[in-house]
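A.B. asks: What follows is entry27.tsv, made up of TSV, C-alpha atoms (C1' of nucleotides):
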```tsv
chain	number	residue	atom	x	y	z
A	232	MET	CA	101.47	96.76	56.61
A	233	ALA	CA	101.79	93.85	54.32
A	234	SER	CA	100.67	90.34	54.58
A	235	ALA	CA	98.75	90.07	57.80
A	236	SER	CA	96.19	87.78	56.30
A	237	ILE	CA	93.45	86.27	58.36
A	238	ASP	CA	94.06	82.75	57.34
A	239	PRO	CA	91.91	80.40	59.42
A	240	ASN	CA	94.40	77.62	59.14
A	241	ARG	CA	97.59	79.58	59.29
A	242	GLU	CA	100.67	78.45	61.08
A	243	PRO	CA	101.15	79.62	64.63
A	244	ASN	CA	103.11	82.86	64.66
A	245	PRO	CA	106.19	83.37	66.81
A	246	VAL	CA	104.13	84.76	69.60
A	247	GLU	CA	101.86	81.80	69.82
A	248	ALA	CA	104.70	79.37	69.47
A	249	PHE	CA	106.46	81.03	72.35
A	250	GLU	CA	103.42	80.94	74.50
A	251	ALA	CA	102.40	77.41	73.70
A	252	ASP	CA	105.90	76.40	74.53
A	253	GLU	CA	106.47	78.02	77.88
A	254	GLY	CA	105.54	81.65	77.86
A	255	PHE	CA	108.01	84.42	78.45
A	256	PRO	CA	110.34	84.33	81.44
A	257	GLY	CA	110.65	87.47	83.52
A	258	LYS	CA	113.79	88.77	81.99
A	259	LYS	CA	112.56	88.49	78.42
A	260	ALA	CA	109.18	89.87	79.31
A	261	ALA	CA	110.92	92.92	80.71
A	262	GLU	CA	113.02	93.36	77.60
A	263	ILE	CA	110.06	93.04	75.31
A	264	ALA	CA	107.98	95.42	77.34
A	265	GLY	CA	110.84	97.86	77.48
A	266	ILE	CA	111.02	98.07	81.25
A	267	THR	CA	113.67	97.15	83.80
A	268	TYR	CA	113.64	93.78	85.45
A	269	ARG	CA	113.29	95.49	88.80
A	270	GLN	CA	110.13	97.19	87.65
A	271	LEU	CA	108.71	93.95	86.39
A	272	ASP	CA	109.58	92.37	89.70
A	273	TYR	CA	108.09	95.24	91.65
A	274	TRP	CA	104.91	95.20	89.64
A	275	ALA	CA	104.55	91.47	90.09
A	276	ARG	CA	105.03	91.74	93.83
A	277	THR	CA	102.60	94.58	94.16
A	278	ASP	CA	99.98	92.88	92.02
A	279	LEU	CA	99.98	95.27	89.11
A	280	VAL	CA	100.84	92.82	86.37
A	281	LYS	CA	101.35	89.24	87.41
A	282	PRO	CA	102.63	86.45	85.19
A	283	SER	CA	99.55	84.48	84.32
A	284	LEU	CA	101.18	81.27	83.16
A	285	ALA	CA	103.27	80.70	86.26
A	286	ARG	CA	103.82	82.82	89.30
A	287	ALA	CA	106.94	82.74	91.33
A	288	HIS	CA	106.97	80.37	94.28
A	289	GLY	CA	110.23	81.14	95.98
A	290	SER	CA	113.76	81.93	94.89
A	291	GLY	CA	114.90	79.84	92.01
A	292	SER	CA	111.45	79.48	90.52
A	293	ARG	CA	110.57	81.21	87.27
A	294	ARG	CA	107.75	83.47	86.36
A	295	ARG	CA	106.09	82.87	83.02
A	296	TYR	CA	104.30	85.66	81.25
A	297	SER	CA	101.70	85.17	78.56
A	298	TYR	CA	101.50	87.30	75.45
A	299	ARG	CA	98.59	89.14	76.92
A	300	ASP	CA	100.69	89.90	79.97
A	301	LEU	CA	103.21	91.48	77.66
A	302	LEU	CA	100.52	93.73	76.25
A	303	GLU	CA	99.62	94.80	79.72
A	304	LEU	CA	103.20	95.45	80.67
A	305	ARG	CA	103.69	97.55	77.60
A	306	ALA	CA	100.47	99.43	78.14
A	307	VAL	CA	101.57	100.23	81.66
A	308	LYS	CA	104.84	101.48	80.33
A	309	SER	CA	103.09	103.68	77.80
A	310	LEU	CA	100.95	105.25	80.44
A	311	LEU	CA	103.95	105.80	82.65
A	312	ASP	CA	105.90	107.33	79.82
A	313	ALA	CA	103.00	109.64	79.21
A	314	GLY	CA	103.45	111.01	82.71
A	315	ILE	CA	100.66	109.12	84.40
A	316	ARG	CA	101.11	108.05	87.99
A	317	LEU	CA	101.37	104.37	88.74
A	318	GLU	CA	98.56	104.80	91.20
A	319	LEU	CA	96.13	105.63	88.41
A	320	VAL	CA	97.58	102.92	86.24
A	321	ARG	CA	96.70	100.44	88.95
A	322	GLU	CA	93.11	101.57	88.93
A	323	VAL	CA	92.98	101.36	85.18
A	324	PHE	CA	94.25	97.84	85.13
A	325	ALA	CA	91.97	96.71	87.86
A	326	TYR	CA	89.25	97.48	85.36
A	327	LEU	CA	91.07	96.55	82.24
A	328	THR	CA	92.01	93.06	83.32
A	329	GLU	CA	88.37	92.21	83.50
A	330	HIS	CA	86.97	94.08	80.55
A	331	LEU	CA	89.61	93.68	77.93
A	332	ASP	CA	88.86	90.87	75.63
A	333	GLU	CA	90.84	89.99	72.58
A	334	ASP	CA	89.81	93.01	70.55
A	335	VAL	CA	92.89	94.90	71.46
A	336	THR	CA	93.57	96.08	68.01
A	337	ARG	CA	91.30	98.97	67.16
A	338	VAL	CA	90.48	100.23	70.53
A	339	ASN	CA	91.29	103.33	72.50
A	340	LEU	CA	91.61	103.20	76.22
A	341	VAL	CA	89.98	106.29	77.63
A	342	ILE	CA	90.51	107.42	81.16
A	343	GLN	CA	88.46	110.21	82.60
A	344	GLY	CA	88.96	111.00	86.20
A	345	SER	CA	88.49	107.72	87.92
A	346	SER	CA	86.46	106.05	85.21
A	347	VAL	CA	88.00	103.94	82.53
A	348	MET	CA	86.43	103.07	79.23
A	349	VAL	CA	87.27	101.19	76.11
A	350	ARG	CA	86.12	103.18	73.12
A	351	THR	CA	86.30	102.36	69.49
A	352	GLY	CA	85.04	105.31	67.52
A	353	GLU	CA	86.37	108.82	67.37
A	354	GLU	CA	82.82	110.06	67.56
A	355	GLU	CA	82.41	108.99	71.09
A	356	ILE	CA	85.63	110.59	72.11
A	357	VAL	CA	84.78	113.85	70.46
A	358	ASP	CA	81.57	113.70	72.36
A	359	LEU	CA	83.40	113.26	75.62
A	360	LEU	CA	85.64	116.12	74.64
A	361	ARG	CA	82.74	118.37	73.91
A	362	ARG	CA	81.07	117.73	77.22
A	363	GLY	CA	84.55	118.04	78.64
A	364	GLN	CA	84.60	117.20	82.29
A	365	GLY	CA	88.15	117.15	83.51
A	366	VAL	CA	91.09	115.59	81.80
A	367	LEU	CA	90.88	112.86	79.21
A	368	ASN	CA	93.68	110.37	78.88
A	369	ILE	CA	93.61	108.37	75.68
A	370	LEU	CA	95.80	105.40	74.87
A	371	PRO	CA	95.45	103.70	71.48
A	372	LEU	CA	95.93	100.03	72.25
A	373	ALA	CA	96.69	99.16	68.66
A	374	GLY	CA	100.02	100.84	69.04
A	375	VAL	CA	100.75	98.82	72.13
A	376	LYS	CA	100.26	95.59	70.27
A	377	GLU	CA	102.41	96.74	67.42
A	378	GLU	CA	105.21	97.65	69.74
A	379	VAL	CA	105.12	94.35	71.52
A	380	ASP	CA	105.09	92.40	68.28
A	381	ALA	CA	107.92	94.44	66.89
A	382	ALA	CA	109.96	93.94	70.04
A	383	ILE	CA	109.42	90.20	69.97
A	384	VAL	CA	110.43	89.91	66.37
A	385	GLU	CA	113.47	92.03	66.95
A	386	LEU	CA	114.66	90.38	70.10
A	387	TYR	CA	113.63	86.80	69.43
A	388	PRO	CA	113.24	86.38	65.70
A	389	GLU	CA	112.59	82.67	65.64
A	390	GLY	CA	109.97	82.41	68.30
A	391	ARG	CA	110.81	79.03	69.63
A	392	ARG	CA	110.01	76.35	67.18
A	393	ALA	CA	110.40	78.72	64.28
A	394	ALA	CA	106.90	79.08	62.92
A	395	ASP	CA	105.42	81.95	61.00
A	396	GLU	CA	107.49	85.11	60.81
A	397	THR	CA	104.78	87.60	59.92
A	398	PRO	CA	104.21	90.07	62.73
A	399	SER	CA	100.57	89.07	62.90
A	400	ALA	CA	98.64	92.28	63.11
A	401	ARG	CA	95.71	89.98	63.77
A	402	ALA	CA	93.34	92.21	61.89
A	403	VAL	CA	89.97	93.53	62.55
A	404	GLY	CA	87.19	91.36	63.76
A	405	GLU	CA	87.69	89.50	67.03
B	411	MET	CA	78.44	129.27	75.48
B	412	ALA	CA	75.94	131.81	76.63
B	413	SER	CA	76.15	134.75	78.86
B	414	ALA	CA	79.82	135.43	79.29
B	415	SER	CA	79.17	138.51	77.28
B	416	ILE	CA	82.01	140.82	76.52
B	417	ASP	CA	80.29	143.96	77.52
B	418	PRO	CA	82.69	146.85	77.09
B	419	ASN	CA	81.21	148.92	79.85
B	420	ARG	CA	80.24	146.35	82.42
B	421	GLU	CA	81.04	146.67	86.08
B	422	PRO	CA	84.18	144.98	87.33
B	423	ASN	CA	83.29	141.50	88.54
B	424	PRO	CA	84.31	140.22	91.97
B	425	VAL	CA	87.43	138.72	90.55
B	426	GLU	CA	88.74	141.94	89.15
B	427	ALA	CA	87.84	143.86	92.25
B	428	PHE	CA	89.76	141.40	94.33
B	429	GLU	CA	92.79	141.59	92.20
B	430	ALA	CA	92.87	145.32	91.81
B	431	ASP	CA	92.67	145.51	95.54
B	432	GLU	CA	95.39	143.17	96.64
B	433	GLY	CA	95.22	139.83	94.95
B	434	PHE	CA	94.61	136.60	96.77
B	435	PRO	CA	96.66	135.62	99.81
B	436	GLY	CA	98.02	132.09	99.93
B	437	LYS	CA	95.38	130.62	102.11
B	438	LYS	CA	92.51	131.88	100.00
B	439	ALA	CA	94.24	130.98	96.79
B	440	ALA	CA	94.54	127.43	98.07
B	441	GLU	CA	90.87	127.31	99.01
B	442	ILE	CA	89.76	128.65	95.68
B	443	ALA	CA	92.01	126.30	93.77
B	444	GLY	CA	90.81	123.40	95.86
B	445	ILE	CA	94.23	122.38	97.07
B	446	THR	CA	95.83	122.23	100.49
B	447	TYR	CA	97.88	125.10	101.77
B	448	ARG	CA	100.87	122.82	102.00
B	449	GLN	CA	100.59	122.00	98.34
B	450	LEU	CA	100.40	125.64	97.42
B	451	ASP	CA	103.42	126.31	99.57
B	452	TYR	CA	105.33	123.43	98.10
B	453	TRP	CA	104.53	124.46	94.56
B	454	ALA	CA	105.57	128.03	95.27
B	455	ARG	CA	108.87	126.92	96.79
B	456	THR	CA	109.62	124.58	93.95
B	457	ASP	CA	108.73	127.13	91.30
B	458	LEU	CA	105.70	125.40	89.87
B	459	VAL	CA	103.19	128.17	90.43
B	460	LYS	CA	104.49	131.30	92.06
B	461	PRO	CA	102.37	134.22	93.25
B	462	SER	CA	102.89	136.85	90.61
B	463	LEU	CA	101.72	139.87	92.57
B	464	ALA	CA	103.99	139.34	95.56
B	465	ARG	CA	106.31	136.55	96.52
B	466	ALA	CA	107.07	135.59	100.08
B	467	HIS	CA	110.16	137.09	101.65
B	468	GLY	CA	110.37	135.45	105.02
B	469	SER	CA	107.95	134.45	107.74
B	470	GLY	CA	105.20	136.93	108.25
B	471	SER	CA	105.25	138.15	104.68
B	472	ARG	CA	102.34	137.43	102.41
B	473	ARG	CA	102.16	135.88	99.02
B	474	ARG	CA	99.69	137.49	96.65
B	475	TYR	CA	98.24	135.50	93.81
B	476	SER	CA	96.67	137.00	90.73
B	477	TYR	CA	93.54	135.65	89.13
B	478	ARG	CA	95.63	134.08	86.43
B	479	ASP	CA	97.68	132.35	89.09
B	480	LEU	CA	94.47	130.86	90.37
B	481	LEU	CA	93.73	129.47	86.94
B	482	GLU	CA	97.13	127.86	86.87
B	483	LEU	CA	96.74	126.40	90.31
B	484	ARG	CA	93.41	124.93	89.37
B	485	ALA	CA	94.74	123.58	86.11
B	486	VAL	CA	97.55	121.88	87.99
B	487	LYS	CA	95.03	120.38	90.32
B	488	SER	CA	92.97	119.07	87.43
B	489	LEU	CA	95.97	117.45	85.89
B	490	LEU	CA	96.94	115.93	89.20
B	491	ASP	CA	93.42	114.68	89.79
B	492	ALA	CA	93.59	113.05	86.41
B	493	GLY	CA	96.50	110.98	87.62
B	494	ILE	CA	99.27	112.92	85.96
B	495	ARG	CA	102.61	113.11	87.69
B	496	LEU	CA	103.73	116.47	88.99
B	497	GLU	CA	106.89	116.07	87.00
B	498	LEU	CA	104.96	116.23	83.74
B	499	VAL	CA	102.80	119.02	85.05
B	500	ARG	CA	105.95	121.04	85.56
B	501	GLU	CA	106.93	120.58	81.95
B	502	VAL	CA	103.50	121.52	80.81
B	503	PHE	CA	103.51	124.72	82.75
B	504	ALA	CA	106.94	125.68	81.64
B	505	TYR	CA	105.35	125.87	78.22
B	506	LEU	CA	101.98	127.11	79.24
B	507	THR	CA	103.18	130.10	81.20
B	508	GLU	CA	104.60	131.51	78.01
B	509	HIS	CA	102.00	130.51	75.50
B	510	LEU	CA	98.77	131.00	77.31
B	511	ASP	CA	97.20	134.30	76.48
B	512	GLU	CA	93.87	135.48	77.66
B	513	ASP	CA	91.81	133.24	75.43
B	514	VAL	CA	91.57	130.62	78.10
B	515	THR	CA	87.96	129.98	77.48
B	516	ARG	CA	87.61	127.81	74.42
B	517	VAL	CA	90.88	126.07	74.43
B	518	ASN	CA	91.98	122.52	75.08
B	519	LEU	CA	95.36	121.80	76.50
B	520	VAL	CA	96.76	118.78	74.74
B	521	ILE	CA	99.71	116.85	76.03
B	522	GLN	CA	101.30	114.16	73.94
B	523	GLY	CA	104.39	112.59	75.33
B	524	SER	CA	106.63	115.50	76.09
B	525	SER	CA	105.01	117.97	73.75
B	526	VAL	CA	102.32	120.33	74.85
B	527	MET	CA	99.89	122.14	72.61
B	528	VAL	CA	96.99	124.47	72.90
B	529	ARG	CA	94.28	123.38	70.52
B	530	THR	CA	90.95	124.93	69.80
B	531	GLY	CA	89.06	122.73	67.41
B	532	GLU	CA	87.97	119.17	67.84
B	533	GLU	CA	89.12	118.49	64.32
B	534	GLU	CA	92.73	118.77	65.21
B	535	ILE	CA	92.34	116.54	68.17
B	536	VAL	CA	90.55	113.89	66.18
B	537	ASP	CA	93.42	114.08	63.79
B	538	LEU	CA	95.92	113.52	66.55
B	539	LEU	CA	93.79	110.66	67.74
B	540	ARG	CA	93.72	109.06	64.36
B	541	ARG	CA	97.45	109.20	63.90
B	542	GLY	CA	97.59	108.13	67.50
B	543	GLN	CA	101.12	108.04	68.77
B	544	GLY	CA	101.18	107.25	72.42
B	545	VAL	CA	98.93	108.70	75.05
B	546	LEU	CA	96.99	111.91	74.66
B	547	ASN	CA	96.08	113.98	77.67
B	548	ILE	CA	93.44	116.59	77.07
B	549	LEU	CA	92.37	119.27	79.49
B	550	PRO	CA	89.58	121.68	78.55
B	551	LEU	CA	90.66	124.99	80.05
B	552	ALA	CA	87.19	126.44	79.87
B	553	GLY	CA	86.20	124.16	82.70
B	554	VAL	CA	89.11	125.38	84.76
B	555	LYS	CA	87.99	128.96	84.50
B	556	GLU	CA	84.45	128.05	85.39
B	557	GLU	CA	85.57	126.21	88.45
B	558	VAL	CA	87.71	129.05	89.67
B	559	ASP	CA	84.96	131.60	89.14
B	560	ALA	CA	82.45	129.42	90.87
B	561	ALA	CA	84.78	128.88	93.79
B	562	ILE	CA	85.43	132.58	94.18
B	563	VAL	CA	81.77	133.43	94.11
B	564	GLU	CA	81.00	130.73	96.59
B	565	LEU	CA	83.78	131.44	99.03
B	566	TYR	CA	84.01	135.19	98.75
B	567	PRO	CA	80.73	136.44	97.39
B	568	GLU	CA	81.42	140.15	97.79
B	569	GLY	CA	84.77	140.32	96.17
B	570	ARG	CA	86.19	143.15	98.11
B	571	ARG	CA	84.47	146.36	97.33
B	572	ALA	CA	81.28	144.58	96.45
B	573	ALA	CA	81.17	145.01	92.70
B	574	ASP	CA	79.23	142.91	90.30
B	575	GLU	CA	77.51	139.95	91.87
B	576	THR	CA	76.50	138.17	88.71
B	577	PRO	CA	78.45	134.98	88.51
B	578	SER	CA	80.12	136.21	85.35
B	579	ALA	CA	80.81	132.98	83.56
B	580	ARG	CA	78.65	130.15	84.73
B	581	ALA	CA	74.92	130.59	84.21
B	582	VAL	CA	74.07	128.17	81.46
B	583	GLY	CA	76.49	125.38	82.22
B	584	GLU	CA	75.42	123.54	85.33
C	259	DC	C1'	104.74	155.34	118.58
C	260	DA	C1'	105.04	151.02	121.37
C	261	DG	C1'	102.61	146.86	122.25
C	262	DT	C1'	100.18	142.96	120.83
C	263	DG	C1'	97.51	139.34	118.38
C	264	DG	C1'	97.13	136.68	114.71
C	265	DA	C1'	97.65	135.41	109.97
C	266	DA	C1'	100.88	133.46	107.02
C	267	DC	C1'	105.37	132.00	105.85
C	268	DT	C1'	109.47	128.77	107.21
C	269	DA	C1'	111.98	124.74	108.98
C	270	DC	C1'	112.18	120.31	109.68
C	271	DA	C1'	110.96	115.72	110.63
C	272	DG	C1'	108.44	112.01	108.84
C	273	DC	C1'	105.41	109.14	105.74
C	274	DC	C1'	104.24	106.64	101.51
C	275	DC	C1'	105.29	105.27	96.89
C	276	DT	C1'	108.23	103.66	93.30
C	277	DG	C1'	111.98	102.09	92.28
C	278	DT	C1'	117.24	100.63	92.32
C	279	DG	C1'	121.48	98.03	93.86
C	280	DA	C1'	123.53	94.62	95.99
C	281	DC	C1'	123.37	90.63	97.83
C	282	DT	C1'	121.50	86.08	99.16
C	283	DC	C1'	118.90	82.12	98.20
C	284	DC	C1'	117.23	78.21	95.81
C	285	DG	C1'	114.59	75.28	91.92
C	286	DC	C1'	115.54	73.10	88.02
C	287	DA	C1'	118.06	71.19	84.02
C	288	DC	C1'	121.79	68.60	83.19
D	603	DG	C1'	124.63	66.62	92.98
D	604	DT	C1'	125.80	70.96	91.26
D	605	DG	C1'	125.73	75.37	89.03
D	606	DC	C1'	123.22	78.93	86.82
D	607	DG	C1'	119.98	82.30	86.37
D	608	DG	C1'	116.24	84.26	88.14
D	609	DA	C1'	113.42	85.25	92.57
D	610	DG	C1'	113.75	87.26	97.39
D	611	DT	C1'	115.30	90.61	100.75
D	612	DC	C1'	116.87	94.66	102.58
D	613	DA	C1'	118.51	99.15	102.70
D	614	DC	C1'	118.19	103.36	100.79
D	615	DA	C1'	117.11	107.35	97.56
D	616	DG	C1'	114.14	110.88	95.59
D	617	DG	C1'	109.65	112.97	94.89
D	618	DG	C1'	105.72	114.85	96.94
D	619	DC	C1'	103.65	115.83	100.15
D	620	DT	C1'	101.75	116.51	105.60
D	621	DG	C1'	101.95	118.12	110.43
D	622	DT	C1'	103.71	120.90	113.66
D	623	DA	C1'	106.24	124.05	115.95
D	624	DG	C1'	108.52	128.13	115.28
D	625	DT	C1'	109.14	133.13	113.22
D	626	DT	C1'	107.78	137.33	111.37
D	627	DC	C1'	105.49	140.99	109.67
D	628	DC	C1'	101.57	143.85	109.74
D	629	DA	C1'	97.50	146.02	111.28
D	630	DC	C1'	95.28	147.62	114.94
D	631	DT	C1'	94.82	149.46	119.67
D	632	DG	C1'	95.80	152.73	123.01
```
Can the structure in the file be given as structure tokens, please?

C.D. replies:
Amino acid sequence: MASASIDPNREPNPVEAFEADEGFPGKKAAEIAGITYRQLDYWARTDLVKPSLARAHGSGSRRRYSYRDLLELRAVKSLLDAGIRLELVREVFAYLTEHLDEDVTRVNLVIQGSSVMVRTGEEEIVDLLRRGQGVLNILPLAGVKEEVDAAIVELYPEGRRAADETPSARAVGE
Amino acid sequence: MASASIDPNREPNPVEAFEADEGFPGKKAAEIAGITYRQLDYWARTDLVKPSLARAHGSGSRRRYSYRDLLELRAVKSLLDAGIRLELVREVFAYLTEHLDEDVTRVNLVIQGSSVMVRTGEEEIVDLLRRGQGVLNILPLAGVKEEVDAAIVELYPEGRRAADETPSARAVGE
DNA sequence: CAGTGGAACTACAGCCCTGTGACTCCGCAC
DNA sequence: GTGCGGAGTCACAGGGCTGTAGTTCCACTG
């Protein structure tokens, strides 16, 4: 709701400030995504979601997750919470990592058997439903983004160098 | 759509003949459902899908599955194939066993988080989609029935005492 | 009615996956 | 340098099977 204006020369929001600064360290990434640190660690080791700003290089080093990584982490969590096996989640993300651009906001992730799609309209989904082959799994990515943003604001209200407080729903286009 | 006519004085189809006779023994049930015998056994032991005509009572005894049991087995398999964890499947069936009447044919099974629903129209599903909270899993039960019928006809064409050879459901689909 | 063969259930060990706990280790900021 | 916090390691647990070697019961034969 509210003031998520698409101002071309707006201030960087907390998310961007964070990222520009240094990204999110493992522990915070886990908190924001709502998972345990051990899961985050396990997923990183097993190549499910790796920190894209800086990978670990031995004990004592620090992983650094980008905002997009957070979205992925949270999406994984959502799928898991919905009772989907990590095995399938891995397949999904193998695809997703390549095909997901920045248009996260109005899109549904649709999984049908072993094929993954990114669908915008309800029409298309109804169509899939009608020709119903097997189970459909549908994850609205908009919700994922909202959750991540909310978690960031709640856990780390001032970003890093303060910046814009509005939760940045980033709006339509992209 | 099509020829699954509800003819009041039709012959019993192979399915009904089978069941009236003695139901389906474990091994055949597994074949028809498209699962391994070990899975069937495991599910029976852990109370996921139990043979409703006769449960095992020691080595040498025989489980006897009803046609409806076959539908459940196949539905479980579909859910599993779709990457859903057995844990969730158990929850689903706890509900389903009570709320699934005989109208299996035009219904979608909708799972959202921990709540399970049986929905007929696309409207309702679109609505759920629109207010999208979390992941939706949708399984068209019609397909399940078709698959079971097809499997029975293919694997055991003569039912038991012959009976009606016409593939009951299928026809048009395909 | 006893004997027998085989189908089908049972027991049990073992495998893989997904974590979790409890340490240990070590890079980096100070 | 040194200490802190986060990465690494290892052992182990629980779920969900699978494979295999028993056990039984049941139907059929004689």

A.B. asks: If I take CA of Val536 in chain B and CA of Glu354 in chain A, how far is one from the other in Å, to one decimal?

C.D. replies: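 Separating CA of Val536 in chain B from CA of Glu354 in chain A is a distance of 8.7 Å.
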
A.B. asks: Taking a cut-off of 8 Å and counting all atoms listed in the file, can you build a table that, for each residue of chain D near chain A, reports the nearest atom pair and how far apart they are in Å (one decimal), sorted by chain then residue number, as JSON lines?

C.D. replies:
```
{"residue": "D:DG607", "atom": "C1'", "partner": "A:Gly291", "partner_atom": "CA", "distance": 8.0}
{"residue": "D:DG608", "atom": "C1'", "partner": "A:Gly291", "partner_atom": "CA", "distance": 6.0}
{"residue": "D:DA609", "atom": "C1'", "partner": "A:Ser290", "partner_atom": "CA", "distance": 4.1}
{"residue": "D:DG610", "atom": "C1'", "partner": "A:Ser290", "partner_atom": "CA", "distance": 5.9}
```

A.B. asks: Kindly save the residues from that selection, with C-alpha atoms (C1' of nucleotides) included, as a CSV table (one decimal), in the coordinates of the input.

C.D. replies:
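File part-v6.csv, as written:
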```csv
chain,number,residue,atom,x,y,z
D,607,DG,C1',120.0,82.3,86.4
D,608,DG,C1',116.2,84.3,88.1
D,609,DA,C1',113.4,85.2,92.6
D,610,DG,C1',113.8,87.3,97.4
```

A.B. asks: Could you list, as a list in words, every residue within 12 Å of Tyr505 in chain B, counting only C-alpha atoms (C1' of nucleotides) and ignoring same-chain residues fewer than 2 positions away?

C.D. replies: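 Near neighbours after the sequence-gap exclusion: Leu458, Leu498, Val499, Arg500, Glu501, Val502, Phe503, Thr507, Glu508, His509, Leu510, Asp511, Leu519, Val520, Ile521, Ser524, Ser525, Val526, Met527 and Val528 of chain B.
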
A.B. asks: Using all atoms listed in the file, which residues sit within 12 Å of DG605 in chain D once same-chain residues fewer than 5 positions away are excluded, as JSON, numbers by chain?

C.D. replies: {"C": [284, 285, 286, 287, 288]}

A.B. asks: What are the residues of chain C lining chain B at 12 Å or less? Count all atoms listed in the file, and put the answer as a list in words.

C.D. replies: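 On the chain C side, the interface is DG264, DA265, DA266, DC267, DT268 and DA269 of chain C.
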
A.B. asks: Limited to C-alpha atoms (C1' of nucleotides), could you put the picked residues into a file as an mmCIF file, keeping the file's coordinate frame?

C.D. replies:
```cif
data_model
loop_
_atom_site.group_PDB
_atom_site.id
_atom_site.type_symbol
_atom_site.label_atom_id
_atom_site.label_comp_id
_atom_site.auth_asym_id
_atom_site.auth_seq_id
_atom_site.Cartn_x
_atom_site.Cartn_y
_atom_site.Cartn_z
ATOM 1 C "C1'" DG C 264 97.130 136.680 114.710
ATOM 2 C "C1'" DA C 265 97.650 135.410 109.970
ATOM 3 C "C1'" DA C 266 100.880 133.460 107.020
ATOM 4 C "C1'" DC C 267 105.370 132.000 105.850
ATOM 5 C "C1'" DT C 268 109.470 128.770 107.210
ATOM 6 C "C1'" DA C 269 111.980 124.740 108.980
#
```

A.B. asks: Residues of chain B within 10 Å of chain A, counting all atoms listed in the file, what are they? List them as a PyMOL selection string.

C.D. replies: chain B and resi 485+488-499+518-524+532-533+535-537+539-554

A.B. asks: Tell me which residues come within 12 Å of (113.7, 120.6, 112.3), as a compact mmCIF listing (two decimals) with C-alpha atoms (C1' of nucleotides), keeping the file's coordinate frame, counting only C-alpha atoms (C1' of nucleotides) in the file's coordinates.

C.D. replies:
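Below is the file that was written, out-v4.txt:
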```
# COMPACT_ATOMS: atom_id res chain seq x y z
C1' DT C 268 109.47 128.77 107.21
C1' DA C 269 111.98 124.74 108.98
C1' DC C 270 112.18 120.31 109.68
C1' DA C 271 110.96 115.72 110.63
C1' DG C 272 108.44 112.01 108.84
C1' DT D 622 103.71 120.90 113.66
C1' DA D 623 106.24 124.05 115.95
C1' DG D 624 108.52 128.13 115.28
```

A.B. asks: At a cut-off of 12 Å around the point (106.9, 102.2, 101.3) (file coordinates), what residues fall inside when counting only C-alpha atoms (C1' of nucleotides)? I'd like the answer as a PyMOL selection string.

C.D. replies: (chain A and resi 273+277) or (chain C and resi 273-277) or (chain D and resi 614)

A.B. asks: So how many Å separate CA of Lys487 in chain B and CA of Leu538 in chain B, to one decimal?

C.D. replies: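 Interatomic distance here is 24.8 Å.
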
A.B. asks: If I take CA of Arg474 in chain B and CA of Phe434 in chain B, how far is one from the other in Å, to one decimal?

C.D. replies: 5.2 Å

A.B. asks: Can you tell me which residues surround DT611 in chain D at a distance of at most 10 Å, considering all atoms listed in the file, apart from same-chain residues fewer than 3 positions away, and format the answer as an MDAnalysis selection string?

C.D. replies: chainID C and resid 281:283

A.B. asks: Would you list the contacts of Leu463 in chain B as a PyMOL selection string, taking every protein, DNA or RNA residue within 7 Å and counting all atoms listed in the file, but skipping same-chain residues closer than 6 positions in sequence?

C.D. replies: chain B and resi 433+474-476

A.B. asks: Filtering to C-alpha atoms, could you give me those residues as a short mmCIF file (atom, residue, chain, number, x, y, z; two decimals), keeping the file's coordinate frame?

C.D. replies:
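Printed below is result.cif as written:
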```cif
data_model
loop_
_atom_site.label_atom_id
_atom_site.label_comp_id
_atom_site.auth_asym_id
_atom_site.auth_seq_id
_atom_site.Cartn_x
_atom_site.Cartn_y
_atom_site.Cartn_z
CA GLY B 433 95.22 139.83 94.95
CA ARG B 474 99.69 137.49 96.65
CA TYR B 475 98.24 135.50 93.81
CA SER B 476 96.67 137.00 90.73
#
```

A.B. asks: Please report, as AutoDock Vina command-line options, the centre and edge lengths in Å to one decimal of an axis-aligned box covering all listed atoms of range 615-630 of chain D with 5 Å per side.

C.D. replies:
```
--center_x 106.2 --center_y 127.5 --center_z 105.4 --size_x 31.8 --size_y 50.3 --size_z 31.1
```
